[in-house]
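Trainee: As input, take input-v8.cif (mmCIF, C-alpha atoms and all ligand atoms):
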data_run
#
loop_
_atom_site.label_atom_id
_atom_site.label_comp_id
_atom_site.auth_asym_id
_atom_site.auth_seq_id
_atom_site.Cartn_x
_atom_site.Cartn_y
_atom_site.Cartn_z
CA MET A 600 102.31 94.19 115.36
CA THR A 601 105.37 92.00 114.85
CA GLU A 602 108.91 93.21 114.32
CA GLY A 603 109.99 93.42 110.70
CA ALA A 604 113.27 91.79 109.71
CA ALA A 605 116.32 94.08 109.50
CA PRO A 606 117.23 95.00 105.90
CA PHE A 607 120.33 92.89 105.72
CA GLU A 608 118.71 89.80 107.18
CA LEU A 609 116.30 90.09 104.29
CA ALA A 610 119.18 89.36 101.95
CA SER A 611 119.18 85.74 103.10
CA MET A 612 115.51 85.45 102.13
CA ILE A 613 116.36 86.31 98.55
CA VAL A 614 117.52 82.87 97.62
CA ALA A 615 115.93 81.26 94.59
CA HIS A 616 115.25 77.58 95.26
CA ASP A 617 117.20 75.83 92.59
CA GLU A 618 116.76 72.19 93.62
CA GLY A 619 115.85 70.07 90.65
CA ASN A 620 117.46 72.40 88.09
CA ALA A 621 119.96 70.89 85.71
CA TYR A 622 123.30 70.83 87.60
CA SER A 623 121.72 73.12 90.23
CA ALA A 624 122.25 76.17 88.04
CA VAL A 625 122.71 79.16 90.36
CA VAL A 626 120.39 81.22 88.17
CA PRO A 627 117.06 79.43 87.87
CA PRO A 628 115.94 78.52 84.34
CA ILE A 629 112.93 80.29 82.79
CA ALA A 630 109.83 78.23 82.17
CA GLN A 631 109.20 80.21 78.96
CA THR A 632 106.17 78.20 77.89
CA SER A 633 102.45 78.84 77.55
CA LEU A 634 101.35 75.29 78.39
CA PHE A 635 102.40 72.15 80.22
CA THR A 636 101.50 68.66 79.00
CA PHE A 637 100.23 65.59 80.86
CA SER A 638 101.76 62.13 80.86
CA ASP A 639 98.37 60.41 80.43
CA TYR A 640 94.60 60.74 80.91
CA ASP A 641 94.72 60.07 84.66
CA ASP A 642 97.42 62.69 85.13
CA MET A 643 95.22 65.22 83.34
CA VAL A 644 91.98 64.39 85.10
CA SER A 645 93.57 64.53 88.57
CA SER A 646 94.89 68.03 87.78
CA TYR A 647 91.51 69.21 86.54
CA ARG A 648 89.83 67.84 89.66
CA GLY A 649 92.32 69.84 91.72
CA GLU A 650 93.71 66.72 93.37
CA LYS A 651 97.20 67.95 92.62
CA VAL A 652 98.52 71.42 92.02
CA ARG A 653 100.70 71.64 88.93
CA PRO A 654 101.05 74.09 86.06
CA ILE A 655 98.56 73.57 83.23
CA TYR A 656 98.58 76.90 81.42
CA THR A 657 100.81 79.88 82.17
CA ARG A 658 97.97 82.38 82.71
CA GLY A 659 97.07 80.25 85.74
CA LEU A 660 100.37 78.96 87.11
CA ASN A 661 103.95 79.20 85.88
CA PRO A 662 106.95 77.97 87.90
CA THR A 663 109.18 81.02 87.22
CA VAL A 664 106.41 83.45 88.12
CA ARG A 665 105.64 81.35 91.20
CA MET A 666 109.28 81.53 92.30
CA PHE A 667 109.18 85.33 92.19
CA GLU A 668 105.84 85.37 94.05
CA GLU A 669 107.24 83.18 96.83
CA MET A 670 110.38 85.30 97.18
CA LEU A 671 108.36 88.50 97.41
CA ALA A 672 105.88 87.00 99.89
CA LYS A 673 108.81 86.09 102.14
CA LEU A 674 110.31 89.58 101.85
CA GLU A 675 106.99 91.19 102.80
CA GLY A 676 106.34 88.73 105.65
CA ALA A 677 103.17 87.64 103.84
CA GLU A 678 101.67 84.15 103.43
CA ASP A 679 101.20 84.47 99.70
CA ALA A 680 101.66 86.79 96.72
CA LEU A 681 100.44 87.09 93.16
CA GLY A 682 102.33 88.60 90.21
CA PHE A 683 100.78 90.87 87.57
CA ALA A 684 101.71 92.33 84.19
CA SER A 685 102.03 95.84 85.69
CA GLY A 686 101.62 97.76 88.92
CA MET A 687 98.30 99.10 87.64
CA ALA A 688 97.12 95.53 86.92
CA ALA A 689 97.97 94.66 90.53
CA ILE A 690 96.13 97.74 91.84
CA SER A 691 93.01 97.20 89.70
CA ALA A 692 92.81 93.46 90.47
CA ALA A 693 93.20 94.07 94.21
CA VAL A 694 90.61 96.84 94.30
CA LEU A 695 88.06 95.15 92.02
CA SER A 696 88.22 91.97 94.13
CA PHE A 697 86.64 93.73 97.11
CA VAL A 698 83.99 96.10 95.69
CA ALA A 699 80.60 96.01 93.96
CA PRO A 700 78.44 98.81 92.54
CA GLY A 701 77.24 101.14 95.29
CA ASP A 702 80.28 100.54 97.50
CA ARG A 703 82.59 103.22 98.84
CA ILE A 704 86.39 103.33 99.02
CA VAL A 705 88.39 105.69 101.20
CA ALA A 706 91.83 106.58 99.88
CA VAL A 707 94.63 108.77 101.19
CA ARG A 708 95.01 111.91 99.09
CA HIS A 709 97.80 112.15 96.49
CA VAL A 710 97.80 108.48 95.48
CA TYR A 711 99.71 107.49 92.34
CA PRO A 712 98.11 109.45 89.44
CA ASP A 713 96.92 106.45 87.41
CA ALA A 714 95.36 104.88 90.53
CA PHE A 715 93.54 108.20 91.01
CA ARG A 716 92.39 108.04 87.38
CA LEU A 717 91.23 104.40 87.74
CA PHE A 718 89.12 105.53 90.70
CA GLY A 719 87.79 108.58 88.82
CA THR A 720 86.84 106.75 85.60
CA ILE A 721 86.14 102.99 85.60
CA LEU A 722 85.20 102.79 89.27
CA LYS A 723 83.09 105.93 89.03
CA ARG A 724 81.18 104.44 86.07
CA MET A 725 80.59 101.33 88.20
CA ASN A 726 78.98 103.58 90.82
CA ILE A 727 81.83 103.02 93.27
CA GLU A 728 82.62 106.22 95.11
CA VAL A 729 86.14 107.08 96.24
CA THR A 730 86.60 109.72 98.92
CA TYR A 731 90.01 111.14 99.85
CA VAL A 732 91.44 111.91 103.26
CA ASP A 733 94.71 113.36 104.51
CA GLY A 734 96.47 110.21 105.73
CA ARG A 735 98.30 112.18 108.42
CA ASP A 736 94.97 113.08 110.03
CA GLU A 737 94.02 109.90 111.89
CA ALA A 738 90.81 111.40 113.29
CA ALA A 739 89.65 112.17 109.73
CA VAL A 740 90.44 108.59 108.66
CA ASP A 741 88.51 107.22 111.64
CA LYS A 742 85.53 109.40 110.70
CA ALA A 743 85.61 108.49 106.98
CA LEU A 744 85.99 104.72 107.26
CA PRO A 745 82.68 103.39 108.68
CA GLY A 746 80.73 101.71 105.87
CA ALA A 747 83.65 101.74 103.40
CA LYS A 748 84.80 98.51 101.76
CA ILE A 749 88.45 99.43 101.15
CA PHE A 750 90.96 101.77 102.75
CA TYR A 751 93.54 102.46 100.06
CA MET A 752 96.91 103.81 101.20
CA GLU A 753 100.21 104.90 99.75
CA SER A 754 103.00 106.11 102.04
CA PRO A 755 104.86 108.25 101.35
CA THR A 756 102.60 109.64 98.65
CA SER A 757 103.58 110.48 95.09
CA TRP A 758 105.34 113.81 94.57
CA VAL A 759 104.66 115.64 97.84
CA MET A 760 105.83 112.61 99.88
CA GLU A 761 103.38 112.77 102.78
CA ALA A 762 104.39 109.92 105.12
CA HIS A 763 101.80 108.23 107.34
CA ASP A 764 101.79 106.14 110.49
CA VAL A 765 100.76 103.00 108.59
CA CYS A 766 100.51 100.96 111.79
CA ALA A 767 97.94 103.36 113.29
CA LEU A 768 95.97 103.63 110.03
CA ALA A 769 95.83 99.83 109.64
CA ALA A 770 94.49 99.52 113.20
CA ILE A 771 91.73 102.04 112.43
CA ALA A 772 90.75 100.09 109.28
CA LYS A 773 90.69 96.84 111.26
CA LYS A 774 88.47 98.42 113.93
CA HIS A 775 85.91 99.34 111.27
CA GLY A 776 86.17 95.99 109.44
CA VAL A 777 87.53 97.69 106.30
CA VAL A 778 90.01 95.86 104.04
CA SER A 779 93.26 97.85 104.02
CA MET A 780 95.71 97.96 101.12
CA ILE A 781 98.87 99.94 100.52
CA ASP A 782 101.04 100.79 97.54
CA ASN A 783 104.51 100.06 98.96
CA SER A 784 106.51 100.75 95.79
CA TRP A 785 108.43 103.73 97.23
CA ALA A 786 109.81 102.07 100.38
CA SER A 787 110.09 98.50 99.07
CA PRO A 788 109.95 95.66 101.64
CA ILE A 789 113.49 96.60 102.67
CA PHE A 790 112.28 99.76 104.42
CA GLN A 791 108.59 99.03 105.10
CA GLN A 792 106.76 95.75 105.59
CA PRO A 793 103.11 96.77 105.87
CA ILE A 794 101.83 93.22 106.53
CA THR A 795 103.81 93.24 109.79
CA LEU A 796 102.16 96.62 110.56
CA GLY A 797 98.65 95.15 110.23
CA VAL A 798 97.80 96.03 106.61
CA ASP A 799 95.80 93.37 104.70
CA LEU A 800 97.26 93.68 101.19
CA VAL A 801 100.56 95.11 99.94
CA ILE A 802 100.83 96.21 96.32
CA HIS A 803 103.96 96.99 94.32
CA SER A 804 104.79 98.40 91.01
CA ALA A 805 107.62 95.90 90.50
CA SER A 806 108.67 98.14 87.60
CA LYS A 807 110.42 100.34 90.17
CA TYR A 808 112.77 99.09 92.92
CA LEU A 809 111.90 95.38 92.85
CA GLY A 810 113.02 95.08 89.24
CA GLY A 811 115.61 97.78 89.79
CA HIS A 812 117.05 97.84 86.27
CA SER A 813 114.46 99.85 84.29
CA ASP A 814 113.80 96.89 82.01
CA VAL A 815 110.54 95.41 83.36
CA VAL A 816 106.95 96.55 83.78
CA ALA A 817 105.31 94.34 86.41
CA GLY A 818 103.26 94.31 89.61
CA ILE A 819 102.61 92.14 92.63
CA VAL A 820 100.10 91.87 95.48
CA ALA A 821 101.01 90.17 98.79
CA GLY A 822 98.79 89.19 101.73
CA SER A 823 97.20 86.35 103.64
CA LYS A 824 96.35 83.11 101.82
CA GLU A 825 92.67 83.97 102.23
CA MET A 826 92.93 87.46 100.73
CA ILE A 827 95.14 86.32 97.86
CA ALA A 828 92.73 83.44 97.18
CA ARG A 829 90.03 86.05 96.65
CA LEU A 830 92.15 87.70 93.92
CA LYS A 831 93.04 84.32 92.44
CA ALA A 832 89.38 83.33 92.15
CA GLU A 833 88.24 86.01 89.68
CA ALA A 834 90.25 89.16 88.98
CA TYR A 835 93.55 87.34 88.36
CA PRO A 836 92.34 84.74 85.81
CA TYR A 837 89.53 86.73 84.19
CA LEU A 838 91.10 90.17 83.88
CA GLY A 839 94.13 88.12 82.86
CA ALA A 840 96.96 90.59 83.38
CA LYS A 841 99.47 87.82 84.05
CA LEU A 842 103.14 88.43 84.78
CA SER A 843 105.25 86.88 82.01
CA PRO A 844 107.87 84.21 82.86
CA PHE A 845 110.70 86.28 81.37
CA ASP A 846 109.72 89.36 83.37
CA ALA A 847 109.47 87.21 86.52
CA TRP A 848 112.98 85.92 85.80
CA LEU A 849 114.28 89.49 85.48
CA LEU A 850 112.58 90.35 88.78
CA ILE A 851 114.23 87.36 90.51
CA ARG A 852 117.53 88.75 89.24
CA GLY A 853 116.57 92.21 90.56
CA LEU A 854 115.59 91.01 94.04
CA ARG A 855 119.06 89.61 94.67
CA THR A 856 120.54 93.09 94.93
CA LEU A 857 117.49 94.83 96.40
CA PRO A 858 118.86 95.31 99.96
CA ILE A 859 122.15 96.84 98.85
CA ARG A 860 120.54 98.94 96.13
CA MET A 861 118.03 100.38 98.60
CA LYS A 862 120.80 101.27 101.06
CA ALA A 863 122.73 103.04 98.28
CA HIS A 864 119.66 104.97 97.04
CA GLU A 865 118.92 105.97 100.63
CA ALA A 866 122.40 107.27 101.43
CA SER A 867 122.79 109.26 98.19
CA ALA A 868 119.29 110.73 98.15
CA LEU A 869 119.41 111.79 101.78
CA ALA A 870 122.81 113.46 101.38
CA ILE A 871 121.61 115.31 98.27
CA ALA A 872 118.28 116.32 99.87
CA GLN A 873 120.14 117.77 102.87
CA ARG A 874 122.50 119.79 100.67
CA LEU A 875 119.62 121.06 98.52
CA GLN A 876 117.77 122.16 101.65
CA ASP A 877 120.68 124.45 102.53
CA LEU A 878 120.61 126.30 99.18
CA ASP A 879 119.04 129.76 98.99
CA ILE A 880 117.33 129.05 95.70
CA VAL A 881 115.45 126.06 97.16
CA GLU A 882 112.21 126.90 98.95
CA GLN A 883 111.34 123.43 100.20
CA VAL A 884 112.56 119.84 99.96
CA CYS A 885 109.89 117.12 100.30
CA HIS A 886 111.79 114.11 101.62
CA PRO A 887 110.47 112.08 104.60
CA GLY A 888 114.04 111.62 105.89
CA LEU A 889 114.37 115.35 106.62
CA ALA A 890 111.70 115.22 109.35
CA ASN A 891 112.73 114.74 112.99
CA ARG A 892 111.72 111.11 112.85
CA LEU A 893 110.30 108.62 110.40
CA PRO A 894 106.77 107.30 111.01
CA THR A 895 106.50 103.98 112.90
CA GLY A 896 107.27 101.09 110.59
CA LEU A 897 109.19 103.09 108.01
CA ASN A 898 112.78 101.99 108.56
CA GLY A 899 114.52 103.88 105.80
CA THR A 900 114.03 106.14 102.80
CA SER A 901 114.49 105.57 99.10
CA GLY A 902 115.81 107.61 96.19
CA LEU A 903 112.67 109.51 95.14
CA PHE A 904 111.80 112.98 96.46
CA SER A 905 110.79 116.42 95.24
CA LEU A 906 111.75 120.03 95.84
CA VAL A 907 110.30 123.47 95.18
CA PHE A 908 112.55 126.16 93.74
CA ARG A 909 112.20 129.80 94.69
CA GLU A 910 110.61 132.18 92.23
CA GLY A 911 112.85 133.23 89.35
CA VAL A 912 114.70 129.94 88.96
CA ASP A 913 114.77 128.85 85.31
CA ILE A 914 113.52 125.27 85.59
CA ARG A 915 113.88 124.63 81.87
CA ALA A 916 117.57 125.61 82.06
CA PHE A 917 118.00 123.50 85.21
CA CYS A 918 116.64 120.40 83.43
CA ASP A 919 118.46 121.00 80.17
CA ASN A 920 121.82 121.49 81.89
CA LEU A 921 121.70 118.28 83.91
CA LYS A 922 123.86 115.55 82.42
CA LEU A 923 123.49 112.58 84.78
CA PHE A 924 119.89 113.31 85.80
CA ARG A 925 117.86 112.61 82.68
CA LEU A 926 114.35 113.83 81.93
CA GLY A 927 112.07 110.85 82.42
CA VAL A 928 109.28 109.37 84.49
CA SER A 929 109.30 106.10 86.40
CA TRP A 930 112.17 105.47 88.83
CA GLY A 931 113.79 102.66 90.81
CA GLY A 932 116.60 101.79 88.41
CA HIS A 933 120.27 102.71 88.28
CA GLU A 934 119.58 106.00 86.50
CA SER A 935 118.98 109.37 88.10
CA LEU A 936 115.92 111.14 86.73
CA VAL A 937 114.21 114.52 86.87
CA VAL A 938 110.56 115.43 86.23
CA PRO A 939 109.50 119.11 86.26
CA GLY A 940 106.14 119.78 87.93
CA GLU A 941 105.23 122.45 85.35
CA VAL A 942 105.37 119.77 82.62
CA VAL A 943 103.19 117.34 84.59
CA LEU A 944 100.66 120.15 85.09
CA GLN A 945 100.25 120.28 81.30
CA GLN A 946 99.43 116.56 81.02
CA LYS A 947 96.18 115.95 79.17
CA ALA A 948 95.09 112.82 81.10
CA GLN A 949 91.71 113.03 82.83
CA PRO A 950 90.85 113.38 85.60
CA ASN A 951 93.88 115.62 85.97
CA SER A 952 95.49 114.49 89.18
CA ALA A 953 98.30 117.04 88.93
CA GLN A 954 95.98 119.83 90.03
CA GLU A 955 94.34 117.55 92.59
CA PHE A 956 97.71 116.77 94.14
CA GLY A 957 98.85 120.32 94.54
CA ILE A 958 101.93 119.68 92.40
CA HIS A 959 103.75 122.98 92.63
CA ALA A 960 104.59 124.64 89.30
CA ARG A 961 108.09 125.40 90.62
CA SER A 962 108.70 121.83 91.83
CA VAL A 963 110.82 119.09 90.33
CA ARG A 964 110.85 115.43 91.28
CA LEU A 965 114.24 113.76 91.47
CA HIS A 966 115.11 110.09 91.45
CA VAL A 967 118.58 109.67 92.87
CA GLY A 968 120.13 106.67 91.17
CA LEU A 969 123.32 104.73 91.74
CA GLU A 970 125.84 106.82 89.78
CA GLY A 971 127.52 108.06 92.98
CA THR A 972 126.64 110.90 95.36
CA GLU A 973 129.46 113.31 94.49
CA ALA A 974 129.06 112.96 90.72
CA LEU A 975 125.32 113.57 91.08
CA TRP A 976 125.86 116.54 93.38
CA SER A 977 128.29 118.17 90.91
CA ASP A 978 125.74 117.64 88.16
CA LEU A 979 123.05 119.38 90.24
CA GLU A 980 125.38 122.23 91.27
CA GLU A 981 126.33 122.95 87.66
CA ALA A 982 122.70 122.97 86.47
CA ILE A 983 121.65 125.14 89.42
CA ALA A 984 124.42 127.65 88.62
CA VAL A 985 123.01 128.09 85.10
CA ALA A 986 119.38 128.18 86.26
CA SER A 987 119.66 130.71 89.10
C1 LIG A 1001 104.75 103.31 88.69
C2 LIG A 1001 103.84 103.25 89.85
C3 LIG A 1001 102.65 102.53 89.83
C4 LIG A 1001 102.15 101.86 88.58
O1 LIG A 1001 102.95 100.79 88.23
P1 LIG A 1001 103.13 100.28 86.70
O2 LIG A 1001 104.06 99.14 86.86
O3 LIG A 1001 103.67 101.43 85.93
O4 LIG A 1001 101.77 99.89 86.23
C5 LIG A 1001 101.91 102.46 90.98
N1 LIG A 1001 102.28 103.10 92.10
C6 LIG A 1001 103.40 103.82 92.16
C7 LIG A 1001 103.75 104.51 93.43
C8 LIG A 1001 104.22 103.94 91.04
O5 LIG A 1001 105.31 104.68 91.10
#
What is this structure when it is put down as structure tokens?
Mentor:
Amino acid sequence: MTEGAAPFELASMIVAHDEGNAYSAVVPPIAQTSLFTFSDYDDMVSSYRGEKVRPIYTRGLNPTVRMFEEMLAKLEGAEDALGFASGMAAISAAVLSFVAPGDRIVAVRHVYPDAFRLFGTILKRMNIEVTYVDGRDEAAVDKALPGAKIFYMESPTSWVMEAHDVCALAAIAKKHGVVSMIDNSWASPIFQQPITLGVDLVIHSASKYLGGHSDVVAGIVAGSKEMIARLKAEAYPYLGAKLSPFDAWLLIRGLRTLPIRMKAHEASALAIAQRLQDLDIVEQVCHPGLANRLPTGLNGTSGLFSLVFREGVDIRAFCDNLKLFRLGVSWGGHESLVVPGEVVLQQKAQPNSAQEFGIHARSVRLHVGLEGTEALWSDLEEAIAVAS
């Protein structure tokens, strides 16, 4: 295990290389083009033979997308990275690159609901079995892993926010020769760099903190050159869920403020979680920062957590009386958001992960945005007064 870089040193890694741009524009131009032309026959044939690497067609290689991939690889301490059209495209391409019919995957319980549904539908039809373990139970992980092809992690997990010792879990996967991957969207590379903890592949929904402005749906996978080459060989070109140049450009813009945004989300969310924990009408607050210590390798906490209200609290009134916290899924942007568990439990999607995850009917998930701690706290206090 190597030491991860401190959050604010990471800021210096977020520098877009602008050499060669017209007048060295500080914001890199977008290569908003589907294809690139050749100067002559020899130029074309040498590219096709692979004698030189240059963009030919944007589904394969695009300079703006490549710039974002290189920035993210650096932030994660990875050799390489590959951008995708969504977080789910990144998850499906990573998983499908390492399994065949008859294989088994072990996943921590409570993974992101659509990842759970991918496993329970398409993978199931392909005769790929996914078994779930409590990621906090290292003995159970050790017992489940022999013979599996992938160990799929997410820490902390969606909604109930179970945080794992990623370093220990990665070592167990390595011992059994199982490829390990983790969804690192919640912590971002600012607070957790799983590659430095021994994980093989890191996946992000870049739609969340990496983009940071609620205006992009995108994904990325980072890892060793060898692992990323495996994705590049088949799943990336043939499933074809390519990150668009404009979205990559927006993500480059987003990365520039990532370290300071994460610090601000952390400070506000932690302060609010602590105050909520002290209220009589709150039964439980699920926020990893409220534990005595964070797991090894998790160096901070983000803006997303959940809480369970005591019986009798009018959750509809709570939601409808919030002004800054708006009802909406996703997270990672400027805006504060609320999602009531009782609404998620009514979702029609199959398999229904809400039940599987033990989402409490009296829970709500909050994303603490960047509007300011005291303004957000007043908003919560006023809604709680009406609801209790
Ligand atoms: C949103 C999300 C995803 C899926 O990403 P998309 O960009 O929406 O496809 C995956 N994992 C986590 C933890 C998420 O929050």
Trainee: Enumerate as a VMD selection string the residues within 8 Å of ligand LIG 1001 (chain A), counting all atoms listed in the file.
Mentor: chain A and resid 684 to 690 710 to 711 713 to 714 753 756 to 757 782 to 785 803 to 807 816 to 818 929 to 930
Trainee: What does the structure give for the distance between CA of Ser633 in chain A and CA of Lys824 in chain A, in Å to one decimal?
Mentor: 25.4 Å
Trainee: Pick from A:Ala916, A:Val664, A:Leu897, A:Val626: nearest to Asp764 in chain A, with all atoms listed in the file counted?
Mentor: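 Of A:Ala916, A:Val664, A:Leu897, A:Val626, the one nearest Asp764 in chain A is A:Leu897, counting all atoms listed in the file.
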Trainee: Taking 4 positions as the minimum chain separation for residues in the same chain, which residues sit within 10 Å of Val884 in chain A when counting all atoms listed in the file? Answer as a PyMOL selection string.
Mentor: chain A and resi 759-760+872-877+889+904-908+962-964
Trainee: Determine the nearest neighbour of Met861 in chain A from the options A:Leu969, A:Cys918, A:Ala890, A:Ala630, counting only C-alpha atoms.
Mentor: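 Ranked by minimum distance to Met861 in chain A, first place goes to A:Leu969.
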Trainee: What does the distance between CA of Phe637 in chain A and CA of Lys651 in chain A come to in Å, to one decimal place?
Mentor: 12.4 Å
Trainee: Please report the interatomic distance between CA of Thr730 in chain A and CA of Val801 in chain A in Å with one decimal.
Mentor: 20.2 Å
Trainee: Taking only C-alpha atoms into account, which of A:Leu849, A:Met826, A:Val967, A:Ile789 comes nearest Lys673 in chain A?
Mentor: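 Closest to Lys673 in chain A, using only C-alpha atoms: A:Ile789.
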Trainee: Residues within 7 Å of Ile794 in chain A, please, as a count of residues only. Count only C-alpha atoms; anything in the same chain fewer than 5 positions from it doesn't count.
Mentor: 6
Trainee: Would you list the contacts of Thr636 in chain A as a count of residues only, taking every protein, DNA or RNA residue within 9 Å and counting only C-alpha atoms, but skipping same-chain residues closer than 3 positions in sequence?
Mentor: 4
Trainee: Residues within 9 Å of Ile871 in chain A, please, as JSON, numbers by chain. Count only C-alpha atoms; anything in the same chain fewer than 5 positions from it doesn't count.
Mentor: {"A": [866, 876, 967, 972, 973, 975, 976]}
Trainee: Set the distance at 12 Å and use only C-alpha atoms: which residues neighbour Pro894 in chain A once local chain neighbours fewer than 3 positions away are removed? I'd like the list as number ranges by chain.
Mentor: A: 734-735, 754-755, 761-768, 790-791, 796, 887-891, 897-900
Trainee: Could you please take those selected residues and save C-alpha atoms as a compact mmCIF listing (two decimals), in the frame of the given file?
Mentor:
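What follows is the written file out_29.txt:
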# COMPACT_ATOMS: atom_id res chain seq x y z
CA GLY A 734 96.47 110.21 105.73
CA ARG A 735 98.30 112.18 108.42
CA SER A 754 103.00 106.11 102.04
CA PRO A 755 104.86 108.25 101.35
CA GLU A 761 103.38 112.77 102.78
CA ALA A 762 104.39 109.92 105.12
CA HIS A 763 101.80 108.23 107.34
CA ASP A 764 101.79 106.14 110.49
CA VAL A 765 100.76 103.00 108.59
CA CYS A 766 100.51 100.96 111.79
CA ALA A 767 97.94 103.36 113.29
CA LEU A 768 95.97 103.63 110.03
CA PHE A 790 112.28 99.76 104.42
CA GLN A 791 108.59 99.03 105.10
CA LEU A 796 102.16 96.62 110.56
CA PRO A 887 110.47 112.08 104.60
CA GLY A 888 114.04 111.62 105.89
CA LEU A 889 114.37 115.35 106.62
CA ALA A 890 111.70 115.22 109.35
CA ASN A 891 112.73 114.74 112.99
CA LEU A 897 109.19 103.09 108.01
CA ASN A 898 112.78 101.99 108.56
CA GLY A 899 114.52 103.88 105.80
CA THR A 900 114.03 106.14 102.80
